[in-house]
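Asker: Just passing along the structure, written as structure tokens.
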Amino acid sequence: STFDVAVVGAGIVGLASARELVRRHPSLAFAVLEKEKELAHHQSGRNSGVIHSGIYYTPGSLKAKLCVQGAALCYEYCDQKGIPYKQCGKLIVAVEQDEIPRLKALYERGLQNNVRGLKLIGAKEIQAKEPFCRGLMALDSPYTGIVNYKQVAQSYAEDFQEAGGMILTDFEVTNMEMAKESSSESEDGLKYPVIVRNSKGEEIYCRHIVTCAGLYSDRLSEISGCSPEPRIVPFRGDYLVLKPEKCYMVKGNIYPVPNPRFPFLGFHFTPRMDGSVWLGPNAVLAFKREGYKLFDFSTGDFLDAVMYSGLWKLVLRNLSYGLSEMYRACFLSAQVKQLQKFIPEVTINDVLRGPSGVRAQALDSDGNLVDDFVFDGGSGDIGSRILHVRNAPSPAATSSLAIAKMIADEVKRRFEL
């Protein structure tokens with residue numbers, strides 16, 4: 001029950017970070033603490049499964065750098081471990097004339113981010129690659145791929161355990177405090193001065209903590225006495241699925257030209273490793289942080305969101321967009337209409353309601369969506385012993401091995417391991 005570093009959260013970022021730490025410091029003791037009974041149960045196991053190439057992100061941002069590095073590392077890792085993936089490519093398709101300048105700007109951004117193989121193609125080339133897709137112009141990204149990220153996360157966990165790390169599931173962290181004997185008056189204190197307790201009253205002792213808690217990153221930060229900002233506001237994304245007999249209509253990923261005001265990438269067509277095709281997702285406010293169904297509700301999570309001034313500022317600035325997303329969430333025909341812009345042959349009879357995921361969207365008090373990765377700690381006895389991964393949005397799964405290297409560097413610097 002004593003560890004040099006405890007990593008809270010067994011999603012793909014937490015497991016990748018724990019794996020990297022134990023590989024760098026094999027003589028130290030590491031634990032991963034996970035509140036669920038299984039690993040990668042939330043965002044890591046409920047995403048579209050795309051290995052992104054790094055086109056969208058602001059040049060020079062952590063997102064851009066880590067995505068390009070992470071995609072290369074992801075392919076290399078899957079090859080080493082025999083994890084199946086498909087490099088099926090992606091087309092970002094302009095269907096309206098006014099989207100073409102944005103598409104060209106996206107192409108330039110991708111070049112600045114050193115994304116491999118990018119090229120702009122016309123209507124005939126779009127149809128050569130995607131026979132059922134219609135568009136005026138597209139950005140072709142041949143190195144975009146798909147993989148089962150839950151399988152990747154499980155493999156990270158196996159690597160971590162084989163290197164001597166311990167994973168404690170069903171361990172929901174509810175409290176962190178300093179052991180009494182390790183007060184600042186004590187000359188040398190305890191070797192493992194931080195007590196981490198779970199909801200059942202069980203505890204472990206450690207020297208340092210790294211939190212990779214996704215939807216609960218702000219709450220864990222508050223528990224440890226660190227800043228509650230940025231706050232997490234949950235957005236649910238509902239997918240549709242193409243009926244199996246219609247999956248022939250989609251070969252690779254087909255994406256719209258994104259709206260520059262939102263980090264959500266809009267309704268897209270995503271082939272899956274099992275041969276199915278996911279369509280979506282939308283983006284609507286979730287009334288429960290892990291609420292995957294339309295009517296899932298948590299009073300605490302709901303009040304947390306609606307009492308935050310940052311959310312109201314976001315809502316008021318984007319009221320029409322939010323209402324149209326809610327309308328599409330309720331009416332299948334409205335979602336199909338979005339899809340028909342790209343593949344006119346898709347009808348309401350070709351789709352079924354599919355799975356949902358919840359995105360942990362970080363939001364600041366001015367109502368701005370925090371778009372880049374955020375890492376911070378705190379001050380005081382406990383705060384100085386913690387590194388919080390506060391915001392790891394998409395493409396965190398693609399970038400997981402690159403993020404892990406950065407976290408391991410930061411842990412070494414902060415904690416002098």
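Chain lettering (A, B, ...) mirrors the order of the structure tokens, residue numbering begins at 1 for each chain separately, and ligand numbering begins at 1 in order of display.
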At a cut-off of 12 Å, using only C-alpha atoms, what residues contact Pro260 in chain A? Leave out same-chain residues fewer than 5 positions from it and give the result as a PyMOL selection string.

Answerer: chain A and resi 56-58+99+102-103+105-106+265-266+371

Asker: Output the selection as a CSV table (one decimal), in the first residue's frame - N, CA, C and O atoms for each residue.

Answerer:
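Saved file part.csv follows:
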```
chain,number,residue,atom,x,y,z
A,56,TYR,N,-6.1,19.8,-37.8
A,56,TYR,CA,-6.9,20.9,-37.3
A,56,TYR,C,-6.3,21.9,-36.3
A,56,TYR,O,-6.8,23.0,-36.2
A,57,TYR,N,-5.2,21.5,-35.7
A,57,TYR,CA,-4.9,22.2,-34.5
A,57,TYR,C,-3.9,23.4,-34.7
A,57,TYR,O,-3.1,23.3,-35.7
A,58,THR,N,-4.0,24.4,-33.9
A,58,THR,CA,-3.2,25.6,-34.1
A,58,THR,C,-1.8,25.3,-34.1
A,58,THR,O,-1.2,24.7,-33.2
A,99,GLU,N,-17.1,27.2,-48.1
A,99,GLU,CA,-16.3,26.4,-47.3
A,99,GLU,C,-14.9,26.2,-47.9
A,99,GLU,O,-13.9,25.8,-47.2
A,102,ARG,N,-11.9,28.1,-46.2
A,102,ARG,CA,-11.6,27.5,-44.9
A,102,ARG,C,-10.9,26.1,-45.1
A,102,ARG,O,-10.0,25.8,-44.4
A,103,LEU,N,-11.3,25.4,-46.2
A,103,LEU,CA,-10.6,24.1,-46.5
A,103,LEU,C,-9.1,24.4,-46.9
A,103,LEU,O,-8.2,23.7,-46.4
A,105,ALA,N,-7.3,26.9,-46.0
A,105,ALA,CA,-6.6,27.4,-44.8
A,105,ALA,C,-6.3,26.2,-43.9
A,105,ALA,O,-5.2,26.1,-43.3
A,106,LEU,N,-7.2,25.2,-43.9
A,106,LEU,CA,-6.9,24.0,-43.2
A,106,LEU,C,-5.7,23.2,-43.8
A,106,LEU,O,-4.9,22.6,-43.0
A,265,LEU,N,-16.0,18.5,-34.2
A,265,LEU,CA,-15.7,18.4,-35.6
A,265,LEU,C,-16.9,18.2,-36.5
A,265,LEU,O,-16.7,17.9,-37.7
A,266,GLY,N,-18.1,18.3,-35.9
A,266,GLY,CA,-19.3,18.1,-36.8
A,266,GLY,C,-19.6,16.7,-37.1
A,266,GLY,O,-18.9,15.8,-36.8
A,371,ASP,N,-9.1,24.9,-25.4
A,371,ASP,CA,-8.9,24.0,-26.6
A,371,ASP,C,-7.6,23.2,-26.5
A,371,ASP,O,-7.5,22.2,-27.2
```

Asker: Can you list every residue of range 6-114 of chain A that has an atom at most 7 Å from range 237-255 of chain A, with its nearest atom pair and the distance in Å to one decimal, using only C-alpha atoms, ordered by chain then number, as JSON lines?

Answerer:
```
{"residue": "A:Cys88", "atom": "CA", "partner": "A:Gly252", "partner_atom": "CA", "distance": 5.0}
{"residue": "A:Gly89", "atom": "CA", "partner": "A:Gly252", "partner_atom": "CA", "distance": 5.6}
{"residue": "A:Lys90", "atom": "CA", "partner": "A:Asn253", "partner_atom": "CA", "distance": 4.4}
{"residue": "A:Leu91", "atom": "CA", "partner": "A:Ile254", "partner_atom": "CA", "distance": 5.0}
{"residue": "A:Ile92", "atom": "CA", "partner": "A:Tyr255", "partner_atom": "CA", "distance": 4.6}
{"residue": "A:Val93", "atom": "CA", "partner": "A:Tyr255", "partner_atom": "CA", "distance": 6.2}
```

Asker: May I have the residues within 8 Å of Arg272 in chain A as a PyMOL selection string, using only C-alpha atoms and disregarding those fewer than 4 positions away in the same chain?

Answerer: chain A and resi 48-49+146-147+276-278

Asker: Counting only C-alpha atoms, figure out which residue out of A:Ala72, A:Arg207, A:Thr174, A:Ala153 gets nearest to Leu190 in chain A.

Answerer: A:Arg207

Asker: CA of Arg19 in chain A and CA of Phe160 in chain A are how many Å apart?

Answerer: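 Separation of CA of Arg19 in chain A and CA of Phe160 in chain A: 4.6 Å.
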
Asker: Nearest to Thr211 in chain A among A:Val7, A:Leu136, A:Ala360, A:Leu294, with distances taken over only C-alpha atoms: which residue is it?

Answerer: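 Closest to Thr211 in chain A of all the choices is A:Val7.
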
Asker: Could you please determine the separation between CA of Gly9 in chain A and CA of Val32 in chain A in Å, to one decimal place?

Answerer: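 Interatomic distance here is 6.7 Å.
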
Asker: Distance CA of His25 in chain A-CA of His208 in chain A, one decimal place?

Answerer: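 Pair CA of His25 in chain A / CA of His208 in chain A returns 13.8 Å.
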
Asker: Of the candidates A:Ile382, A:Val68, A:Leu316, A:Asp350, which one gets nearest to Asn175 in chain A if we count only C-alpha atoms?

Answerer: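 Closest candidate: A:Ile382.
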